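Peer 1: Contents of my_file.cif (mmCIF, C-alpha atoms) are given next:
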```cif
data_model
loop_
_atom_site.label_atom_id
_atom_site.label_comp_id
_atom_site.auth_asym_id
_atom_site.auth_seq_id
_atom_site.Cartn_x
_atom_site.Cartn_y
_atom_site.Cartn_z
CA MET Z 1 -23.27 -77.85 51.93
CA SER Z 2 -21.75 -74.61 50.63
CA THR Z 3 -23.70 -71.55 49.58
CA LEU Z 4 -22.78 -68.92 47.06
CA LYS Z 5 -22.10 -65.49 48.43
CA PRO Z 6 -24.24 -62.76 46.89
CA THR Z 7 -22.40 -60.66 44.31
CA ALA Z 8 -22.45 -56.91 44.72
CA VAL Z 9 -23.86 -55.23 41.63
CA ARG Z 10 -21.29 -52.93 40.05
CA ARG Z 11 -21.82 -49.80 38.01
CA VAL Z 12 -21.40 -50.30 34.28
CA ALA Z 13 -19.49 -47.61 32.43
CA VAL Z 14 -19.93 -46.65 28.79
CA ILE Z 15 -16.37 -45.95 27.65
CA GLY Z 16 -17.05 -45.12 24.01
CA GLY Z 17 -18.21 -46.46 20.69
CA THR Z 18 -17.48 -46.67 17.00
CA ARG Z 19 -19.54 -47.17 13.89
CA VAL Z 20 -19.13 -47.01 10.18
CA PRO Z 21 -21.08 -44.26 8.40
CA PHE Z 22 -24.52 -45.59 7.55
CA ALA Z 23 -25.28 -45.99 3.84
CA ARG Z 24 -28.48 -46.32 1.87
CA SER Z 25 -29.09 -49.86 0.63
CA ASP Z 26 -27.70 -50.78 -2.80
CA GLY Z 27 -25.22 -47.95 -2.49
CA PRO Z 28 -21.57 -47.83 -1.34
CA TYR Z 29 -21.92 -50.92 0.84
CA ALA Z 30 -23.89 -52.99 -1.68
CA THR Z 31 -21.25 -55.74 -1.65
CA ALA Z 32 -20.28 -55.43 2.02
CA SER Z 33 -21.35 -58.26 4.31
CA ASN Z 34 -22.55 -57.96 7.89
CA GLN Z 35 -19.22 -59.38 9.01
CA GLU Z 36 -17.16 -56.95 6.95
CA MET Z 37 -19.01 -53.90 8.32
CA LEU Z 38 -18.96 -55.21 11.89
CA THR Z 39 -15.23 -55.94 11.61
CA ALA Z 40 -14.53 -52.40 10.39
CA ALA Z 41 -16.38 -50.97 13.38
CA LEU Z 42 -14.61 -53.37 15.77
CA ASP Z 43 -11.15 -52.59 14.40
CA GLY Z 44 -11.89 -48.90 14.81
CA LEU Z 45 -12.78 -49.48 18.47
CA VAL Z 46 -9.73 -51.68 19.07
CA GLU Z 47 -7.42 -49.06 17.61
CA ARG Z 48 -8.96 -46.14 19.47
CA TYR Z 49 -8.84 -47.79 22.89
CA ALA Z 50 -5.70 -49.93 22.39
CA LEU Z 51 -7.48 -53.25 22.85
CA GLN Z 52 -5.04 -55.38 20.86
CA GLU Z 53 -3.42 -57.23 23.78
CA PRO Z 54 -4.62 -60.67 24.92
CA GLY Z 55 -7.64 -60.58 27.19
CA ALA Z 56 -8.27 -56.87 26.73
CA VAL Z 57 -12.03 -57.43 26.92
CA GLY Z 58 -13.92 -60.41 28.24
CA GLU Z 59 -16.62 -60.80 25.62
CA PHE Z 60 -17.98 -59.61 22.29
CA VAL Z 61 -21.78 -59.57 21.82
CA ALA Z 62 -23.42 -58.60 18.54
CA GLY Z 63 -26.14 -59.54 16.11
CA ALA Z 64 -27.89 -58.89 12.84
CA VAL Z 65 -31.52 -59.08 11.79
CA LEU Z 66 -31.01 -59.96 8.13
CA LYS Z 67 -28.63 -62.92 8.28
CA HIS Z 68 -27.31 -65.34 5.69
CA SER Z 69 -26.52 -68.88 6.70
CA ARG Z 70 -22.88 -67.79 6.61
CA ASP Z 71 -23.69 -65.42 9.49
CA PHE Z 72 -24.67 -68.24 11.84
CA ASN Z 73 -21.71 -67.39 14.11
CA LEU Z 74 -21.42 -63.73 13.14
CA ALA Z 75 -19.99 -62.33 16.38
CA ARG Z 76 -17.32 -64.98 16.75
CA GLU Z 77 -16.28 -64.82 13.08
CA THR Z 78 -16.02 -61.05 13.39
CA VAL Z 79 -13.62 -61.41 16.30
CA LEU Z 80 -11.50 -63.91 14.36
CA GLY Z 81 -11.24 -61.52 11.42
CA SER Z 82 -10.43 -58.47 13.54
CA ARG Z 83 -7.52 -57.05 15.54
CA LEU Z 84 -9.20 -58.09 18.80
CA ASP Z 85 -7.62 -61.05 20.61
CA ALA Z 86 -8.81 -64.22 18.88
CA ARG Z 87 -9.32 -65.82 22.30
CA THR Z 88 -12.16 -63.39 23.07
CA PRO Z 89 -15.45 -65.30 23.47
CA ALA Z 90 -18.36 -64.04 21.35
CA TYR Z 91 -22.00 -64.79 20.77
CA ASP Z 92 -24.92 -63.56 18.67
CA ILE Z 93 -28.12 -61.96 19.90
CA GLN Z 94 -31.21 -60.79 18.00
CA GLN Z 95 -34.30 -58.81 18.91
CA ALA Z 96 -35.17 -57.12 15.62
CA CYS Z 97 -34.49 -53.36 15.78
CA GLY Z 98 -33.75 -53.69 19.51
CA THR Z 99 -30.77 -55.97 18.85
CA GLY Z 100 -28.02 -53.40 19.35
CA LEU Z 101 -29.42 -52.13 22.64
CA GLN Z 102 -30.24 -55.63 23.85
CA ALA Z 103 -26.64 -56.66 23.12
CA VAL Z 104 -25.45 -53.74 25.24
CA ILE Z 105 -27.76 -54.84 28.06
CA ALA Z 106 -26.54 -58.44 27.88
CA ALA Z 107 -22.91 -57.34 28.12
CA ALA Z 108 -23.70 -54.86 30.88
CA ASN Z 109 -25.36 -57.52 33.01
CA LYS Z 110 -22.18 -59.63 33.08
CA ILE Z 111 -20.08 -56.62 33.99
CA ALA Z 112 -22.54 -55.62 36.72
CA LEU Z 113 -22.38 -59.12 38.22
CA GLY Z 114 -18.59 -59.26 38.11
CA GLN Z 115 -18.50 -62.02 35.50
CA THR Z 116 -16.32 -59.92 33.19
CA GLU Z 117 -14.50 -56.60 33.41
CA ALA Z 118 -15.13 -55.25 29.93
CA ALA Z 119 -17.14 -56.16 26.84
CA ILE Z 120 -18.00 -54.86 23.39
CA ALA Z 121 -21.59 -54.95 22.13
CA GLY Z 122 -23.62 -53.84 19.13
CA GLY Z 123 -24.76 -55.04 15.75
CA ALA Z 124 -24.75 -54.75 11.97
CA ASP Z 125 -27.22 -55.09 9.14
CA THR Z 126 -27.14 -54.95 5.38
CA ALA Z 127 -30.38 -54.42 3.51
CA SER Z 128 -28.37 -54.56 0.26
CA ASP Z 129 -27.24 -58.14 0.81
CA ALA Z 130 -30.45 -59.51 2.26
CA PRO Z 131 -30.61 -63.33 2.07
CA LEU Z 132 -32.76 -64.80 -0.69
CA GLY Z 133 -34.72 -67.91 0.22
CA VAL Z 134 -35.18 -70.92 -2.03
CA ASN Z 135 -38.76 -71.52 -3.13
CA ASP Z 136 -40.20 -73.97 -0.60
CA ASP Z 137 -41.31 -76.46 -3.25
CA LEU Z 138 -37.84 -76.39 -4.80
CA ARG Z 139 -36.29 -76.86 -1.37
CA LYS Z 140 -38.29 -80.07 -0.92
CA VAL Z 141 -37.11 -81.30 -4.31
CA LEU Z 142 -33.47 -80.58 -3.48
CA LEU Z 143 -33.73 -82.29 -0.10
CA GLU Z 144 -35.29 -85.33 -1.70
CA ALA Z 145 -32.43 -85.43 -4.21
CA ARG Z 146 -29.87 -85.16 -1.42
CA ARG Z 147 -31.44 -88.11 0.40
CA ALA Z 148 -31.53 -90.25 -2.74
CA LYS Z 149 -29.49 -93.46 -2.54
CA SER Z 150 -28.56 -93.74 -6.22
CA PRO Z 151 -27.86 -91.50 -9.24
CA GLY Z 152 -31.12 -92.65 -10.83
CA ALA Z 153 -33.17 -91.77 -7.78
CA ARG Z 154 -31.42 -88.40 -7.60
CA LEU Z 155 -32.27 -87.59 -11.20
CA LYS Z 156 -35.87 -88.70 -10.66
CA ALA Z 157 -36.17 -86.30 -7.72
CA LEU Z 158 -34.59 -83.40 -9.63
CA ALA Z 159 -36.95 -83.99 -12.55
CA LYS Z 160 -39.78 -82.83 -10.29
CA ALA Z 161 -38.43 -79.27 -10.34
CA ARG Z 162 -40.52 -76.76 -12.31
CA PRO Z 163 -39.43 -73.40 -13.82
CA GLY Z 164 -41.71 -71.46 -11.49
CA GLN Z 165 -39.89 -72.90 -8.51
CA LEU Z 166 -36.64 -71.24 -9.57
CA VAL Z 167 -37.92 -67.80 -8.56
CA PRO Z 168 -36.34 -67.00 -5.14
CA ASP Z 169 -38.29 -65.92 -2.10
CA ILE Z 170 -37.31 -62.29 -1.57
CA PRO Z 171 -37.43 -61.06 2.04
CA ARG Z 172 -40.39 -58.79 2.77
CA ASN Z 173 -40.54 -56.07 5.37
CA ALA Z 174 -43.78 -57.50 6.70
CA GLU Z 175 -44.99 -59.07 9.92
CA PRO Z 176 -45.64 -62.80 9.39
CA ARG Z 177 -48.88 -62.75 11.41
CA THR Z 178 -50.47 -59.68 9.84
CA HIS Z 179 -48.75 -59.56 6.44
CA LEU Z 180 -48.52 -55.79 6.84
CA SER Z 181 -45.25 -53.94 6.40
CA MET Z 182 -43.85 -51.92 9.28
CA GLY Z 183 -44.79 -48.77 7.37
CA GLU Z 184 -48.40 -49.88 6.99
CA HIS Z 185 -48.56 -50.71 10.69
CA ALA Z 186 -47.16 -47.27 11.50
CA ALA Z 187 -49.80 -45.68 9.25
CA VAL Z 188 -52.54 -47.35 11.30
CA THR Z 189 -50.98 -45.97 14.49
CA ALA Z 190 -50.58 -42.51 12.96
CA ARG Z 191 -54.30 -42.40 12.16
CA ALA Z 192 -55.23 -43.65 15.63
CA TRP Z 193 -53.23 -40.92 17.34
CA GLY Z 194 -54.10 -38.20 14.85
CA ILE Z 195 -50.50 -37.52 13.85
CA THR Z 196 -50.41 -34.85 11.15
CA ARG Z 197 -48.25 -34.71 8.04
CA GLU Z 198 -46.89 -31.31 9.05
CA ALA Z 199 -45.73 -32.56 12.46
CA GLN Z 200 -43.99 -35.55 10.86
CA ASP Z 201 -42.19 -33.43 8.28
CA GLU Z 202 -41.07 -30.98 10.94
CA LEU Z 203 -39.59 -33.80 13.03
CA ALA Z 204 -37.82 -35.26 9.98
CA ALA Z 205 -36.35 -31.93 8.87
CA THR Z 206 -35.13 -31.23 12.39
CA SER Z 207 -33.42 -34.63 12.52
CA HIS Z 208 -31.41 -33.86 9.38
CA GLN Z 209 -30.54 -30.34 10.49
CA ARG Z 210 -29.38 -31.48 13.92
CA LEU Z 211 -27.31 -34.36 12.55
CA ALA Z 212 -25.62 -32.00 10.09
CA ALA Z 213 -24.84 -29.55 12.90
CA ALA Z 214 -23.44 -32.38 15.05
CA TYR Z 215 -21.07 -33.42 12.26
CA GLU Z 216 -19.99 -29.83 11.71
CA ARG Z 217 -19.04 -29.32 15.35
CA GLY Z 218 -17.10 -32.59 15.46
CA LEU Z 219 -19.36 -34.68 17.69
CA PHE Z 220 -18.72 -37.82 15.64
CA GLN Z 221 -14.98 -37.36 15.17
CA ASP Z 222 -14.19 -40.22 17.54
CA LEU Z 223 -17.42 -42.18 16.99
CA VAL Z 224 -17.43 -42.74 13.22
CA VAL Z 225 -14.70 -44.56 11.28
CA PRO Z 226 -14.58 -44.05 7.47
CA PHE Z 227 -15.55 -47.08 5.42
CA ARG Z 228 -15.67 -47.68 1.68
CA GLY Z 229 -15.31 -44.03 0.79
CA LEU Z 230 -17.87 -42.69 3.26
CA ALA Z 231 -17.00 -40.42 6.18
CA ARG Z 232 -20.56 -39.31 6.98
CA ASP Z 233 -23.96 -40.95 6.90
CA GLN Z 234 -25.07 -41.07 3.28
CA ASN Z 235 -28.71 -40.44 4.05
CA LEU Z 236 -27.97 -37.07 5.66
CA ARG Z 237 -29.63 -34.13 3.87
CA PRO Z 238 -28.29 -30.94 5.53
CA GLY Z 239 -30.62 -28.75 3.49
CA SER Z 240 -33.75 -30.66 4.46
CA THR Z 241 -36.73 -28.40 5.23
CA VAL Z 242 -40.41 -28.83 5.96
CA GLU Z 243 -41.19 -27.20 2.61
CA LYS Z 244 -39.05 -29.69 0.67
CA LEU Z 245 -40.48 -32.67 2.55
CA ALA Z 246 -44.02 -31.42 1.93
CA ALA Z 247 -43.52 -31.99 -1.80
CA LEU Z 248 -43.09 -35.76 -1.39
CA LYS Z 249 -45.95 -38.12 -2.08
CA PRO Z 250 -47.25 -40.46 0.65
CA VAL Z 251 -46.08 -44.08 0.41
CA PHE Z 252 -47.87 -45.73 3.35
CA GLY Z 253 -51.52 -45.79 4.37
CA LEU Z 254 -52.73 -45.19 0.83
CA ASP Z 255 -55.83 -47.32 1.46
CA HIS Z 256 -57.28 -44.55 3.67
CA PRO Z 257 -58.02 -40.88 3.00
CA GLY Z 258 -55.35 -38.35 3.85
CA PRO Z 259 -52.21 -40.51 4.06
CA THR Z 260 -49.36 -38.72 5.83
CA MET Z 261 -46.31 -40.97 5.70
CA THR Z 262 -43.68 -40.39 2.99
CA ALA Z 263 -40.18 -41.58 2.19
CA GLY Z 264 -38.97 -38.34 3.76
CA ASN Z 265 -40.53 -38.87 7.17
CA SER Z 266 -39.72 -42.60 7.24
CA THR Z 267 -36.30 -44.22 7.57
CA PRO Z 268 -34.78 -45.72 4.40
CA LEU Z 269 -33.39 -49.23 4.11
CA THR Z 270 -29.82 -48.88 5.34
CA ASP Z 271 -26.49 -50.71 5.69
CA GLY Z 272 -24.12 -50.22 8.62
CA ALA Z 273 -22.61 -51.40 11.90
CA ALA Z 274 -22.11 -49.89 15.36
CA LEU Z 275 -20.44 -50.99 18.61
CA VAL Z 276 -20.09 -49.82 22.22
CA LEU Z 277 -17.27 -50.48 24.71
CA LEU Z 278 -18.57 -51.18 28.23
CA ALA Z 279 -16.53 -51.79 31.37
CA SER Z 280 -16.35 -51.76 35.13
CA GLU Z 281 -15.10 -48.56 36.73
CA GLU Z 282 -12.01 -50.44 37.95
CA TRP Z 283 -11.13 -51.55 34.40
CA ALA Z 284 -11.50 -47.99 33.14
CA GLU Z 285 -9.38 -46.58 35.96
CA ARG Z 286 -6.56 -49.05 35.32
CA ARG Z 287 -6.42 -47.90 31.72
CA GLY Z 288 -6.73 -44.23 32.48
CA LEU Z 289 -10.09 -43.95 30.71
CA GLU Z 290 -12.85 -41.69 31.95
CA PRO Z 291 -16.33 -43.15 31.43
CA LEU Z 292 -18.61 -41.08 29.25
CA ALA Z 293 -21.64 -42.22 31.24
CA HIS Z 294 -23.06 -45.18 33.17
CA LEU Z 295 -25.85 -47.54 32.12
CA THR Z 296 -28.13 -47.54 35.16
CA ALA Z 297 -31.48 -49.06 34.12
CA TYR Z 298 -33.19 -50.86 31.28
CA GLU Z 299 -36.61 -52.29 30.50
CA THR Z 300 -38.24 -54.26 27.70
CA ALA Z 301 -41.89 -54.61 26.76
CA ALA Z 302 -44.12 -56.12 24.09
CA VAL Z 303 -47.62 -55.42 22.79
CA ASP Z 304 -50.21 -57.69 21.20
CA PHE Z 305 -50.32 -56.06 17.79
CA VAL Z 306 -52.21 -59.05 16.37
CA HIS Z 307 -55.23 -59.23 18.69
CA GLY Z 308 -54.85 -56.12 20.84
CA ASP Z 309 -56.17 -52.58 20.51
CA VAL Z 310 -54.35 -51.77 17.28
CA ALA Z 311 -57.00 -49.52 15.72
CA GLY Z 312 -57.20 -47.52 18.93
CA GLY Z 313 -53.45 -47.00 18.94
CA GLU Z 314 -52.71 -48.71 22.24
CA ASP Z 315 -51.13 -51.85 20.78
CA GLY Z 316 -49.65 -50.61 17.52
CA LEU Z 317 -46.69 -52.59 16.23
CA LEU Z 318 -44.14 -49.97 17.35
CA MET Z 319 -45.81 -48.84 20.59
CA ALA Z 320 -44.11 -51.13 23.15
CA PRO Z 321 -41.87 -48.29 24.46
CA ALA Z 322 -45.08 -46.55 25.53
CA TYR Z 323 -45.31 -49.27 28.19
CA ALA Z 324 -41.62 -49.97 28.85
CA VAL Z 325 -40.59 -46.40 29.66
CA PRO Z 326 -43.29 -45.67 32.30
CA ARG Z 327 -42.46 -48.99 34.01
CA MET Z 328 -38.74 -48.22 33.97
CA LEU Z 329 -39.22 -44.70 35.30
CA GLU Z 330 -41.51 -45.89 38.08
CA ARG Z 331 -38.95 -48.46 39.13
CA ALA Z 332 -36.18 -45.85 39.05
CA GLY Z 333 -38.29 -43.21 40.81
CA LEU Z 334 -37.84 -40.76 37.93
CA GLY Z 335 -40.01 -38.59 35.71
CA MET Z 336 -39.48 -37.01 32.31
CA ALA Z 337 -38.33 -33.78 33.93
CA ASP Z 338 -35.35 -35.68 35.37
CA PHE Z 339 -33.83 -36.22 31.92
CA ASP Z 340 -31.52 -33.74 30.24
CA LEU Z 341 -31.56 -35.63 26.94
CA ILE Z 342 -34.05 -38.05 25.38
CA GLU Z 343 -33.23 -40.36 22.47
CA VAL Z 344 -36.19 -41.93 20.67
CA HIS Z 345 -35.33 -44.12 17.69
CA GLU Z 346 -36.95 -42.60 14.61
CA ALA Z 347 -38.22 -45.60 12.69
CA PHE Z 348 -40.91 -43.23 11.43
CA ALA Z 349 -41.65 -39.65 12.44
CA SER Z 350 -45.25 -40.70 13.12
CA GLN Z 351 -44.10 -43.45 15.50
CA VAL Z 352 -42.00 -40.99 17.52
CA LEU Z 353 -44.90 -38.57 17.82
CA ALA Z 354 -47.35 -41.33 18.74
CA THR Z 355 -44.97 -42.56 21.44
CA LEU Z 356 -44.64 -39.06 22.92
CA ALA Z 357 -48.43 -38.75 22.99
CA ALA Z 358 -48.81 -42.17 24.61
CA TRP Z 359 -46.32 -41.30 27.35
CA GLU Z 360 -48.38 -38.22 28.19
CA LYS Z 361 -51.55 -40.31 28.21
CA ARG Z 362 -49.90 -42.61 30.73
CA GLY Z 363 -49.15 -39.73 33.05
CA LEU Z 364 -45.64 -38.71 32.05
CA ALA Z 365 -44.79 -35.04 31.56
CA PRO Z 366 -44.54 -33.76 27.98
CA VAL Z 367 -41.11 -34.16 26.39
CA ASP Z 368 -39.24 -30.92 25.84
CA ARG Z 369 -38.46 -31.03 22.10
CA ALA Z 370 -35.23 -29.12 22.71
CA ARG Z 371 -34.00 -32.22 24.58
CA LEU Z 372 -35.24 -34.77 22.03
CA ASN Z 373 -32.72 -36.31 19.59
CA VAL Z 374 -30.50 -33.26 19.82
CA ALA Z 375 -27.92 -34.66 17.38
CA GLY Z 376 -30.47 -36.10 14.96
CA SER Z 377 -31.52 -39.73 14.83
CA SER Z 378 -32.58 -42.51 12.48
CA LEU Z 379 -34.54 -40.35 10.02
CA ALA Z 380 -31.26 -38.63 9.20
CA THR Z 381 -28.64 -41.30 9.90
CA GLY Z 382 -30.59 -44.21 8.46
CA HIS Z 383 -31.42 -47.40 10.32
CA PRO Z 384 -29.37 -50.60 9.88
CA PHE Z 385 -31.67 -52.59 12.13
CA ALA Z 386 -29.26 -54.26 14.58
CA ALA Z 387 -26.83 -51.31 14.62
CA THR Z 388 -29.22 -48.58 15.75
CA GLY Z 389 -29.23 -49.33 19.49
CA ALA Z 390 -25.44 -49.20 19.76
CA ARG Z 391 -25.36 -46.00 17.69
CA ILE Z 392 -27.78 -44.36 20.10
CA VAL Z 393 -25.95 -45.52 23.25
CA ALA Z 394 -22.57 -44.23 22.04
CA THR Z 395 -24.00 -40.94 20.80
CA LEU Z 396 -26.00 -40.26 23.95
CA ALA Z 397 -23.04 -41.12 26.19
CA LYS Z 398 -20.86 -38.65 24.26
CA LEU Z 399 -23.55 -35.96 24.48
CA LEU Z 400 -23.83 -36.45 28.24
CA ALA Z 401 -20.05 -36.29 28.64
CA GLU Z 402 -19.96 -33.00 26.74
CA ARG Z 403 -22.09 -31.38 29.43
CA ASP Z 404 -19.29 -31.79 31.99
CA ALA Z 405 -21.87 -31.93 34.77
CA PRO Z 406 -24.27 -34.50 36.23
CA ALA Z 407 -26.77 -35.40 33.54
CA ARG Z 408 -29.20 -38.14 32.63
CA GLY Z 409 -30.43 -39.52 29.29
CA LEU Z 410 -33.31 -41.76 28.24
CA ILE Z 411 -33.21 -44.24 25.33
CA SER Z 412 -36.32 -45.67 23.63
CA VAL Z 413 -36.14 -48.16 20.75
CA CYS Z 414 -39.17 -49.79 19.11
CA ALA Z 415 -38.78 -53.11 17.30
CA ALA Z 416 -40.56 -55.46 14.94
CA GLY Z 417 -42.75 -58.08 16.53
CA GLY Z 418 -44.38 -55.45 18.75
CA GLN Z 419 -41.39 -55.10 21.08
CA GLY Z 420 -39.50 -52.25 22.71
CA VAL Z 421 -36.16 -51.87 24.46
CA THR Z 422 -35.41 -48.88 26.69
CA ALA Z 423 -32.57 -47.74 28.92
CA ILE Z 424 -31.18 -44.94 31.08
CA LEU Z 425 -27.67 -43.47 30.91
CA GLU Z 426 -26.31 -41.21 33.64
CA ARG Z 427 -23.23 -39.07 34.08
CA THR Z 428 -22.45 -38.23 37.70
#
```
Is it possible to give me this structure as structure tokens?
Peer 2:
Amino acid sequence: MSTLKPTAVRRVAVIGGTRVPFARSDGPYATASNQEMLTAALDGLVERYALQEPGAVGEFVAGAVLKHSRDFNLARETVLGSRLDARTPAYDIQQACGTGLQAVIAAANKIALGQTEAAIAGGADTASDAPLGVNDDLRKVLLEARRAKSPGARLKALAKARPGQLVPDIPRNAEPRTHLSMGEHAAVTARAWGITREAQDELAATSHQRLAAAYERGLFQDLVVPFRGLARDQNLRPGSTVEKLAALKPVFGLDHPGPTMTAGNSTPLTDGAALVLLASEEWAERRGLEPLAHLTAYETAAVDFVHGDVAGGEDGLLMAPAYAVPRMLERAGLGMADFDLIEVHEAFASQVLATLAAWEKRGLAPVDRARLNVAGSSLATGHPFAATGARIVATLAKLLAERDAPARGLISVCAAGGQGVTAILERT
């Protein structure tokens, strides 16, 4: 009887990343599919790192949240339509807004275990081209017609269709078990944690200002590839201020006094794609590439936002990172003071502020705002659901590499379904 020898866990290097500029839904990318955007990002990565030769990378991992039936094999079809070797295996992954980061983790695990030397991971989403569902009653009629054994039986089945059944089922940004939108859930959490309108607007304005400054100094020169006439994120408002945001009317939580959440301090529906190139240190050395950073830890969590303490703020829909990060830091033997940079996905300004407060409640040190989302985040860039995690990983790795000294960064991403995905990047 033979036994398998234990595999030494290897360090996983973040080599770089590419993304298309993010666009507001029904804008420049209104007719672009998930596959088209993902292919543009992949081709940009292939060109930048000369990945055209056979077997350049071992795997491609990506996903989308809003998927048509044609996207059933999105990652593999993207490879086949790109400049990457067509023999590169690929598979889809999906964990709502955590998809991009979860794809990075999945690829990293195989590299760490020596199962592949390099991989590309990320995601894409189009809110413009969201799939429309057939009315369920009409679907039953059509299926009955398809099963019919004769033309007469088929016509009899089709005759059961009614005009009202022709109206499509339009996707809703709502949780199936609560029927509340993500924004309405966030409004409940904002009230529970006492998050003020002024604090939310300040966070949102800062996000825009910092993203604009990052573009101006060239941070994204090798991270963003132009697509369909865009070279920068369309949602970016360089002149955003607290005073301008204060003029906007609330759009969530209107069923309670003093609503605080507006379109300005919430992320818009967005289209886009983002990818990250990961590798072993040996692969990088052979190609003469210096890693930007290393992915050293990750943690996921989930909350019971259906039956848990939602009103009290503990189990709000987007509060899972409040549990994942403390667990991850305890396992790594780290505290907030050990991080030079902190990236918290800005689904809503109120959600970021509630998460910061929850971390403090759980014993973590307060986050230094000068280290938080220093190049802006989702409030300014926009948020194509499955692309956000990869965007954050690539951006944070580049920011760490700029420091030219040992540095550490924390990533926190909340997701629909009451989930959270978190990670740590280090540059040594």
Peer 1: Which residues would end up in the selection if the PyMOL selection byres ((chain Z and resi 164) around 12) were applied here, given that I need the answer as a compact mmCIF listing (two decimals) with C-alpha atoms, keeping the file's coordinate frame?
Peer 2:
```txt
# COMPACT_ATOMS: atom_id res chain seq x y z
CA VAL Z 134 -35.18 -70.92 -2.03
CA ASN Z 135 -38.76 -71.52 -3.13
CA ASP Z 136 -40.20 -73.97 -0.60
CA ASP Z 137 -41.31 -76.46 -3.25
CA LEU Z 138 -37.84 -76.39 -4.80
CA LYS Z 160 -39.78 -82.83 -10.29
CA ALA Z 161 -38.43 -79.27 -10.34
CA ARG Z 162 -40.52 -76.76 -12.31
CA PRO Z 163 -39.43 -73.40 -13.82
CA GLN Z 165 -39.89 -72.90 -8.51
CA LEU Z 166 -36.64 -71.24 -9.57
CA VAL Z 167 -37.92 -67.80 -8.56
CA PRO Z 168 -36.34 -67.00 -5.14
CA ASP Z 169 -38.29 -65.92 -2.10
```
Peer 1: Using the chain letters and numbering of this document, enumerate as a CSV table (one decimal) with C-alpha atoms, in the frame of the given file the residues selected by the PyMOL selection byres ((chain Z and resi 254-263) around 12).
Peer 2:
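Output file out-v4.csv follows:
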```csv
chain,number,residue,atom,x,y,z
Z,182,MET,CA,-43.8,-51.9,9.3
Z,183,GLY,CA,-44.8,-48.8,7.4
Z,184,GLU,CA,-48.4,-49.9,7.0
Z,185,HIS,CA,-48.6,-50.7,10.7
Z,186,ALA,CA,-47.2,-47.3,11.5
Z,187,ALA,CA,-49.8,-45.7,9.2
Z,188,VAL,CA,-52.5,-47.4,11.3
Z,189,THR,CA,-51.0,-46.0,14.5
Z,190,ALA,CA,-50.6,-42.5,13.0
Z,191,ARG,CA,-54.3,-42.4,12.2
Z,194,GLY,CA,-54.1,-38.2,14.8
Z,195,ILE,CA,-50.5,-37.5,13.8
Z,196,THR,CA,-50.4,-34.8,11.2
Z,197,ARG,CA,-48.2,-34.7,8.0
Z,198,GLU,CA,-46.9,-31.3,9.0
Z,199,ALA,CA,-45.7,-32.6,12.5
Z,200,GLN,CA,-44.0,-35.6,10.9
Z,201,ASP,CA,-42.2,-33.4,8.3
Z,204,ALA,CA,-37.8,-35.3,10.0
Z,235,ASN,CA,-28.7,-40.4,4.0
Z,244,LYS,CA,-39.0,-29.7,0.7
Z,245,LEU,CA,-40.5,-32.7,2.6
Z,246,ALA,CA,-44.0,-31.4,1.9
Z,247,ALA,CA,-43.5,-32.0,-1.8
Z,248,LEU,CA,-43.1,-35.8,-1.4
Z,249,LYS,CA,-46.0,-38.1,-2.1
Z,250,PRO,CA,-47.2,-40.5,0.6
Z,251,VAL,CA,-46.1,-44.1,0.4
Z,252,PHE,CA,-47.9,-45.7,3.4
Z,253,GLY,CA,-51.5,-45.8,4.4
Z,264,GLY,CA,-39.0,-38.3,3.8
Z,265,ASN,CA,-40.5,-38.9,7.2
Z,266,SER,CA,-39.7,-42.6,7.2
Z,267,THR,CA,-36.3,-44.2,7.6
Z,268,PRO,CA,-34.8,-45.7,4.4
Z,269,LEU,CA,-33.4,-49.2,4.1
Z,347,ALA,CA,-38.2,-45.6,12.7
Z,348,PHE,CA,-40.9,-43.2,11.4
Z,349,ALA,CA,-41.6,-39.6,12.4
Z,350,SER,CA,-45.2,-40.7,13.1
Z,351,GLN,CA,-44.1,-43.4,15.5
Z,379,LEU,CA,-34.5,-40.4,10.0
Z,380,ALA,CA,-31.3,-38.6,9.2
Z,382,GLY,CA,-30.6,-44.2,8.5
```
Peer 1: Rounded to one decimal in Å, what is the spacing between CA of Met319 in chain Z and CA of Glu360 in chain Z?
Peer 2: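 Pair CA of Met319 in chain Z / CA of Glu360 in chain Z returns 13.3 Å.
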Peer 1: On this structure, which residues satisfy the PyMOL selection byres ((chain Z and resi 227) around 8), written as a list in words?
Peer 2: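 Checked against the file, the PyMOL selection byres ((chain Z and resi 227) around 8) matches Val20, Pro21, Ala40, Val225, Pro226, Arg228, Gly229, Leu230 and Ala231 of chain Z.
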Peer 1: Please provide as an NGL selection string all residues within 8 Å of range 115-123 of chain Z, with the sequence filter that same-chain residues fewer than 5 positions apart are discarded (counting all atoms listed in the file).
Peer 2: :Z and (38 or 56-64 or 99-101 or 103-104 or 107-108 or 110 or 273-280 or 283 or 386-390)
Peer 1: Go through Z:Leu364, Z:Leu45, Z:Leu155, Z:Ala375 and flag the residue nearest Arg210 in chain Z, using all atoms listed in the file for the distances.
Peer 2: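 Ranked by minimum distance to Arg210 in chain Z, first place goes to Z:Ala375.
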Peer 1: Residues near range 335-339 of chain Z, anyone? I mean within 8 Å using only C-alpha atoms, not counting same-chain ones fewer than 6 positions away, as a list in words.
Peer 2: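 These residues fall inside the cut-off: Leu329, Leu364, Ala365, Pro366, Val367, Ala407, Arg408, Gly409 and Leu410 of chain Z.
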Peer 1: In Å, with one decimal, what is the gap from CA of Glu285 in chain Z to CA of Asn109 in chain Z?
Peer 2: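 A separation of 19.6 Å between them.
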Peer 1: At what distance in Å, to one decimal, does CA of His294 in chain Z lie from CA of Glu426 in chain Z?
Peer 2: 5.2 Å
